[in-house]
Number of protein chains: 2
Amino acid sequence: MLQIHECSLCSDSGGELIYKNEEYRVIWVNDPDYPGFIRIILNQHFQEMTDLPLAKAVQLFKVIFKVELVIREVYHPDKINLASLGNLVPHLHWHIIPRYFKDKHFPNPIWGEVTNSSYIPEPWLLLTKGQLFDKLNQILAK
Amino acid sequence: MLQIHECSLCSDSGGELIYKNEEYRVIWVNDPDYPGFIRIILNQHFQEMTDLPLAKAVQLFKVIFKVELVIREVYHPDKINLASLGNLVPHLHWHIIPRYFKDKHFPNPIWGEVTNSSYIPEPWLLLTKGQLFDKLNQILAK
């Protein structure tokens, strides 16, 4: 497997592992403001989606699609945000973020200005982690 | 075609049109800091990728892939940023942004804090718009 010296996503899992196979891993992003924030990380070091052959990129996209489905089912967000940025760590990974109208940055992206500094996620959002892990494992193992 | 009253992307093209077909349109985002910033907008009003049937979502993903390929070919960016947010306008659209190490927000997302306030895109980046339009039309009409 191609690995790049000093790439943190080559040397480290990148967070709490929910699911892993030969191609990619799914990580719980432990952000207290955004429970249900998930990262999908390609195991091999590629920088851009278009560094992959189209078939592999589509395969990865289908994983994003499945993860989004599960996040919506478990967290009932007002909006889903999807992003592949990698400016700091140019190792292909996707952010999948459930957003709420009253969350800390809404309507900004989570990388933008804080709009609701007193926001605390509703308590039930903190209780569904186990359910999320179970459902993701079910759908991704298929 | 499903249209939502008062959705700005249902009532308006959303910018300078590069290419349009039955399913989607490709728009030149006229951002002086980010020449080559492209938006792909679904014509029909859907909010999330997972509101589409998987086959339609994959079809849209393949358009993103093609547009990314062309942007890389024409603009030679240091990084590509992909995002589907839609917090302000919840009508499915994708941002495809060529990024450079010295650009206005690098390594932040373009919605984050400015890091290089004196940044001016290199002159050649402003001269390739016609080439971008031609290449996108060629690849998307296939």
# chains A, B, ... in the order shown; residues from 1 in each chain; ligands from 1

$ select_by_dssp --residues "chain A" --states "alpha helix (DSSP H)" --output "mmCIF file with N, CA and C atoms, in the first residue's frame"
data_model
loop_
_atom_site.group_PDB
_atom_site.id
_atom_site.type_symbol
_atom_site.label_atom_id
_atom_site.label_comp_id
_atom_site.auth_asym_id
_atom_site.auth_seq_id
_atom_site.Cartn_x
_atom_site.Cartn_y
_atom_site.Cartn_z
ATOM 1 N N SER A 8 -0.053 12.199 8.322
ATOM 2 C CA SER A 8 -0.680 11.731 9.567
ATOM 3 C C SER A 8 -1.776 10.707 9.298
ATOM 4 N N LEU A 9 -2.373 10.735 8.124
ATOM 5 C CA LEU A 9 -3.417 9.750 7.822
ATOM 6 C C LEU A 9 -2.844 8.473 7.198
ATOM 7 N N CYS A 10 -1.539 8.467 6.935
ATOM 8 C CA CYS A 10 -0.860 7.210 6.582
ATOM 9 C C CYS A 10 -0.360 6.508 7.846
ATOM 10 N N SER A 11 0.050 7.329 8.825
ATOM 11 C CA SER A 11 0.658 6.744 10.027
ATOM 12 C C SER A 11 -0.347 6.470 11.128
ATOM 13 N N LEU A 54 -11.811 6.198 -12.225
ATOM 14 C CA LEU A 54 -13.221 6.565 -12.034
ATOM 15 C C LEU A 54 -13.988 5.494 -11.247
ATOM 16 N N ALA A 55 -13.754 4.225 -11.556
ATOM 17 C CA ALA A 55 -14.511 3.152 -10.880
ATOM 18 C C ALA A 55 -14.257 3.161 -9.368
ATOM 19 N N LYS A 56 -13.022 3.404 -8.986
ATOM 20 C CA LYS A 56 -12.677 3.465 -7.547
ATOM 21 C C LYS A 56 -13.295 4.703 -6.901
ATOM 22 N N ALA A 57 -13.308 5.794 -7.618
ATOM 23 C CA ALA A 57 -13.901 7.029 -7.091
ATOM 24 C C ALA A 57 -15.403 6.835 -6.892
ATOM 25 N N VAL A 58 -16.044 6.159 -7.848
ATOM 26 C CA VAL A 58 -17.483 5.899 -7.722
ATOM 27 C C VAL A 58 -17.743 4.983 -6.521
ATOM 28 N N GLN A 59 -16.883 3.997 -6.356
ATOM 29 C CA GLN A 59 -16.990 3.086 -5.200
ATOM 30 C C GLN A 59 -16.924 3.894 -3.893
ATOM 31 N N LEU A 60 -15.994 4.815 -3.815
ATOM 32 C CA LEU A 60 -15.867 5.651 -2.622
ATOM 33 C C LEU A 60 -17.092 6.549 -2.468
ATOM 34 N N PHE A 61 -17.568 7.080 -3.588
ATOM 35 C CA PHE A 61 -18.769 7.916 -3.513
ATOM 36 C C PHE A 61 -19.958 7.130 -2.947
ATOM 37 N N LYS A 62 -20.071 5.866 -3.339
ATOM 38 C CA LYS A 62 -21.184 5.048 -2.831
ATOM 39 C C LYS A 62 -21.086 4.834 -1.314
ATOM 40 N N VAL A 63 -19.884 4.833 -0.799
ATOM 41 C CA VAL A 63 -19.696 4.750 0.655
ATOM 42 C C VAL A 63 -20.194 6.043 1.312
ATOM 43 N N ILE A 64 -19.825 7.183 0.728
ATOM 44 C CA ILE A 64 -20.304 8.479 1.236
ATOM 45 C C ILE A 64 -21.829 8.481 1.259
ATOM 46 N N PHE A 65 -22.412 7.980 0.197
ATOM 47 C CA PHE A 65 -23.881 7.944 0.067
ATOM 48 C C PHE A 65 -24.490 7.104 1.196
ATOM 49 N N LYS A 66 -23.913 5.938 1.433
ATOM 50 C CA LYS A 66 -24.427 5.058 2.499
ATOM 51 C C LYS A 66 -24.290 5.720 3.871
ATOM 52 N N VAL A 67 -23.148 6.336 4.112
ATOM 53 C CA VAL A 67 -22.917 6.972 5.415
ATOM 54 C C VAL A 67 -23.893 8.131 5.609
ATOM 55 N N GLU A 68 -24.107 8.900 4.557
ATOM 56 C CA GLU A 68 -25.078 10.002 4.650
ATOM 57 C C GLU A 68 -26.474 9.469 4.997
ATOM 58 N N LEU A 69 -26.864 8.381 4.359
ATOM 59 C CA LEU A 69 -28.176 7.770 4.640
ATOM 60 C C LEU A 69 -28.313 7.430 6.121
ATOM 61 N N VAL A 70 -27.282 6.806 6.670
ATOM 62 C CA VAL A 70 -27.342 6.386 8.069
ATOM 63 C C VAL A 70 -27.355 7.599 9.001
ATOM 64 N N ILE A 71 -26.532 8.589 8.709
ATOM 65 C CA ILE A 71 -26.509 9.796 9.552
ATOM 66 C C ILE A 71 -27.883 10.460 9.557
ATOM 67 N N ARG A 72 -28.506 10.534 8.409
ATOM 68 C CA ARG A 72 -29.844 11.154 8.355
ATOM 69 C C ARG A 72 -30.849 10.335 9.161
ATOM 70 N N GLU A 73 -30.732 9.011 9.059
ATOM 71 C CA GLU A 73 -31.681 8.140 9.768
ATOM 72 C C GLU A 73 -31.520 8.272 11.287
ATOM 73 N N VAL A 74 -30.286 8.383 11.737
ATOM 74 C CA VAL A 74 -30.037 8.376 13.187
ATOM 75 C C VAL A 74 -30.155 9.781 13.788
ATOM 76 N N TYR A 75 -29.689 10.803 13.068
ATOM 77 C CA TYR A 75 -29.586 12.147 13.656
ATOM 78 C C TYR A 75 -30.649 13.147 13.187
ATOM 79 N N LYS A 129 -24.763 7.332 19.641
ATOM 80 C CA LYS A 129 -23.489 6.902 19.058
ATOM 81 C C LYS A 129 -23.467 5.391 18.796
ATOM 82 N N GLY A 130 -23.936 4.610 19.764
ATOM 83 C CA GLY A 130 -23.949 3.155 19.611
ATOM 84 C C GLY A 130 -24.813 2.717 18.446
ATOM 85 N N GLN A 131 -25.971 3.371 18.329
ATOM 86 C CA GLN A 131 -26.888 3.078 17.230
ATOM 87 C C GLN A 131 -26.235 3.407 15.882
ATOM 88 N N LEU A 132 -25.551 4.541 15.834
ATOM 89 C CA LEU A 132 -24.849 4.939 14.598
ATOM 90 C C LEU A 132 -23.805 3.904 14.214
ATOM 91 N N PHE A 133 -22.994 3.487 15.185
ATOM 92 C CA PHE A 133 -21.941 2.506 14.914
ATOM 93 C C PHE A 133 -22.554 1.208 14.379
ATOM 94 N N ASP A 134 -23.628 0.751 15.022
ATOM 95 C CA ASP A 134 -24.272 -0.502 14.601
ATOM 96 C C ASP A 134 -24.789 -0.395 13.170
ATOM 97 N N LYS A 135 -25.507 0.681 12.896
ATOM 98 C CA LYS A 135 -26.117 0.829 11.568
ATOM 99 C C LYS A 135 -25.058 1.000 10.484
ATOM 100 N N LEU A 136 -24.004 1.736 10.790
ATOM 101 C CA LEU A 136 -22.936 1.903 9.800
ATOM 102 C C LEU A 136 -22.278 0.565 9.500
ATOM 103 N N ASN A 137 -22.015 -0.211 10.537
ATOM 104 C CA ASN A 137 -21.404 -1.519 10.323
ATOM 105 C C ASN A 137 -22.308 -2.425 9.494
ATOM 106 N N GLN A 138 -23.614 -2.366 9.766
ATOM 107 C CA GLN A 138 -24.550 -3.181 8.988
ATOM 108 C C GLN A 138 -24.523 -2.807 7.509
ATOM 109 N N ILE A 139 -24.638 -1.519 7.223
ATOM 110 C CA ILE A 139 -24.774 -1.086 5.827
ATOM 111 C C ILE A 139 -23.445 -1.186 5.073
ATOM 112 N N LEU A 140 -22.333 -0.977 5.767
ATOM 113 C CA LEU A 140 -21.033 -0.960 5.079
ATOM 114 C C LEU A 140 -20.485 -2.363 4.860
ATOM 115 N N ALA A 141 -20.912 -3.302 5.679
ATOM 116 C CA ALA A 141 -20.418 -4.676 5.530
ATOM 117 C C ALA A 141 -21.108 -5.402 4.377
#

$ interface_residues --of "chain A" --to "chain B" --cutoff "8 Å" --atoms "only C-alpha atoms" --output "PyMOL selection string"
chain A and resi 47-50+54+58+61-62+65+68-69+79-88+90+106-109+111-113

$ select_by_dssp --residues "range 20-131 of chain B" --states "strand (DSSP E or B)" --output "list in words"
Lys20, Tyr24, Arg25, Val26, Ile27, Trp28, Ile38, Arg39, Ile40, Ile41, Leu42, Lys79, Ile80, Asn81, Leu82, Ala83, Ser84, His93, Trp94, His95, Ile96, Ile97, Pro98 and Arg99 of chain B

$ calpha_fit_and_write --fixed "chain B" --moving "chain A" --output "compact mmCIF listing (two decimals) with C-alpha atoms, in the first residue's frame"
# COMPACT_ATOMS: atom_id res chain seq x y z
CA MET A 1 -39.79 19.67 -12.97
CA LEU A 2 -40.08 20.09 -9.23
CA GLN A 3 -39.60 23.73 -8.29
CA ILE A 4 -39.75 25.32 -4.88
CA HIS A 5 -41.26 28.75 -4.46
CA GLU A 6 -38.66 31.29 -3.39
CA CYS A 7 -35.68 28.99 -3.96
CA SER A 8 -33.11 31.17 -5.72
CA LEU A 9 -31.65 28.19 -7.57
CA CYS A 10 -35.11 27.24 -8.86
CA SER A 11 -35.84 30.74 -10.10
CA ASP A 12 -32.39 31.71 -11.34
CA SER A 13 -29.49 30.00 -13.11
CA GLY A 14 -27.18 30.92 -10.22
CA GLY A 15 -24.46 32.55 -12.30
CA GLU A 16 -22.81 32.57 -15.70
CA LEU A 17 -23.75 29.39 -17.52
CA ILE A 18 -20.95 27.21 -18.88
CA TYR A 19 -22.98 24.12 -19.74
CA LYS A 20 -26.52 22.91 -19.20
CA ASN A 21 -28.46 19.74 -19.93
CA GLU A 22 -31.69 18.16 -18.71
CA GLU A 23 -30.26 17.18 -15.35
CA TYR A 24 -27.84 19.86 -14.22
CA ARG A 25 -25.98 23.05 -15.09
CA VAL A 26 -22.38 24.10 -14.64
CA ILE A 27 -21.76 27.68 -13.50
CA TRP A 28 -18.76 29.99 -13.48
CA VAL A 29 -18.53 31.34 -9.93
CA ASN A 30 -17.34 34.83 -10.49
CA ASP A 31 -15.03 35.06 -7.48
CA PRO A 32 -12.04 37.35 -8.15
CA ASP A 33 -9.98 35.47 -5.54
CA TYR A 34 -10.76 32.07 -7.02
CA PRO A 35 -10.70 31.97 -10.81
CA GLY A 36 -11.75 28.49 -11.91
CA PHE A 37 -14.20 28.09 -9.03
CA ILE A 38 -17.09 26.11 -10.54
CA ARG A 39 -20.54 25.24 -9.24
CA ILE A 40 -22.59 22.27 -10.42
CA ILE A 41 -26.28 22.77 -9.76
CA LEU A 42 -28.97 20.14 -10.12
CA ASN A 43 -31.86 21.58 -12.13
CA GLN A 44 -34.54 19.88 -10.06
CA HIS A 45 -35.02 20.88 -6.46
CA PHE A 46 -33.57 18.22 -4.19
CA GLN A 47 -31.91 19.00 -0.89
CA GLU A 48 -29.43 16.18 -0.30
CA MET A 49 -27.51 13.68 -2.42
CA THR A 50 -29.42 10.92 -0.63
CA ASP A 51 -32.73 12.47 -1.75
CA LEU A 52 -31.73 11.22 -5.21
CA PRO A 53 -31.89 7.57 -6.22
CA LEU A 54 -28.37 6.11 -6.01
CA ALA A 55 -28.02 5.87 -9.81
CA LYS A 56 -28.82 9.58 -10.23
CA ALA A 57 -26.43 10.51 -7.43
CA VAL A 58 -23.67 8.48 -9.09
CA GLN A 59 -24.44 10.22 -12.39
CA LEU A 60 -24.03 13.59 -10.67
CA PHE A 61 -20.85 12.42 -8.99
CA LYS A 62 -19.40 11.52 -12.40
CA VAL A 63 -20.05 15.10 -13.51
CA ILE A 64 -18.14 16.38 -10.46
CA PHE A 65 -15.31 14.02 -11.39
CA LYS A 66 -15.18 15.32 -14.97
CA VAL A 67 -15.25 18.95 -13.87
CA GLU A 68 -12.47 18.34 -11.36
CA LEU A 69 -10.36 16.75 -14.11
CA VAL A 70 -10.77 19.78 -16.35
CA ILE A 71 -10.07 22.28 -13.55
CA ARG A 72 -6.86 20.46 -12.69
CA GLU A 73 -5.82 20.37 -16.35
CA VAL A 74 -6.45 24.08 -16.91
CA TYR A 75 -5.53 25.62 -13.53
CA HIS A 76 -2.89 23.24 -12.08
CA PRO A 77 -4.02 23.91 -8.49
CA ASP A 78 -2.10 22.71 -5.46
CA LYS A 79 -5.33 21.24 -4.10
CA ILE A 80 -8.93 20.71 -5.09
CA ASN A 81 -11.71 21.43 -2.61
CA LEU A 82 -15.10 19.77 -3.12
CA ALA A 83 -18.16 20.62 -1.07
CA SER A 84 -21.90 20.27 -1.01
CA LEU A 85 -23.21 22.46 1.79
CA GLY A 86 -26.43 24.27 0.89
CA ASN A 87 -27.10 25.69 4.33
CA LEU A 88 -28.23 28.99 2.83
CA VAL A 89 -29.76 27.60 -0.35
CA PRO A 90 -30.84 24.00 0.27
CA HIS A 91 -30.99 23.14 -3.43
CA LEU A 92 -28.40 20.50 -4.30
CA HIS A 93 -25.22 22.07 -5.67
CA TRP A 94 -21.50 21.33 -5.53
CA HIS A 95 -18.57 23.70 -5.17
CA ILE A 96 -15.38 22.71 -6.98
CA ILE A 97 -12.57 25.04 -6.05
CA PRO A 98 -8.95 25.12 -7.23
CA ARG A 99 -6.73 26.07 -4.30
CA TYR A 100 -3.13 27.30 -4.11
CA PHE A 101 -0.73 27.28 -1.18
CA LYS A 102 -0.59 31.07 -1.26
CA ASP A 103 -4.25 31.81 -1.89
CA LYS A 104 -6.39 34.05 0.29
CA HIS A 105 -7.53 31.42 2.80
CA PHE A 106 -5.03 28.57 2.48
CA PRO A 107 -4.90 26.19 4.32
CA ASN A 108 -8.38 27.12 5.54
CA PRO A 109 -11.47 26.39 3.51
CA ILE A 110 -12.55 29.46 1.54
CA TRP A 111 -15.31 29.97 4.11
CA GLY A 112 -12.76 30.20 6.91
CA GLU A 113 -10.42 32.90 8.12
CA VAL A 114 -8.36 34.89 5.60
CA THR A 115 -4.68 33.97 5.90
CA ASN A 116 -3.19 35.93 2.98
CA SER A 117 -5.12 39.17 2.67
CA SER A 118 -2.80 40.62 0.02
CA TYR A 119 -3.22 37.61 -2.31
CA ILE A 120 -3.90 38.36 -5.95
CA PRO A 121 -4.30 35.40 -8.33
CA GLU A 122 -1.46 35.05 -10.83
CA PRO A 123 -2.32 36.84 -14.08
CA TRP A 124 -2.32 33.64 -16.19
CA LEU A 125 -5.16 32.27 -14.03
CA LEU A 126 -7.36 35.07 -15.33
CA LEU A 127 -6.61 34.26 -18.96
CA THR A 128 -7.81 30.68 -19.07
CA LYS A 129 -11.55 31.17 -18.71
CA GLY A 130 -12.21 30.56 -22.42
CA GLN A 131 -10.11 27.42 -22.37
CA LEU A 132 -11.99 26.16 -19.30
CA PHE A 133 -15.37 26.77 -20.94
CA ASP A 134 -14.28 24.96 -24.12
CA LYS A 135 -12.87 21.94 -22.31
CA LEU A 136 -15.85 21.64 -19.98
CA ASN A 137 -18.25 21.73 -22.91
CA GLN A 138 -16.22 19.07 -24.71
CA ILE A 139 -16.07 16.66 -21.78
CA LEU A 140 -19.64 17.22 -20.53
CA ALA A 141 -21.30 16.88 -23.92
CA LYS A 142 -19.87 13.35 -24.30
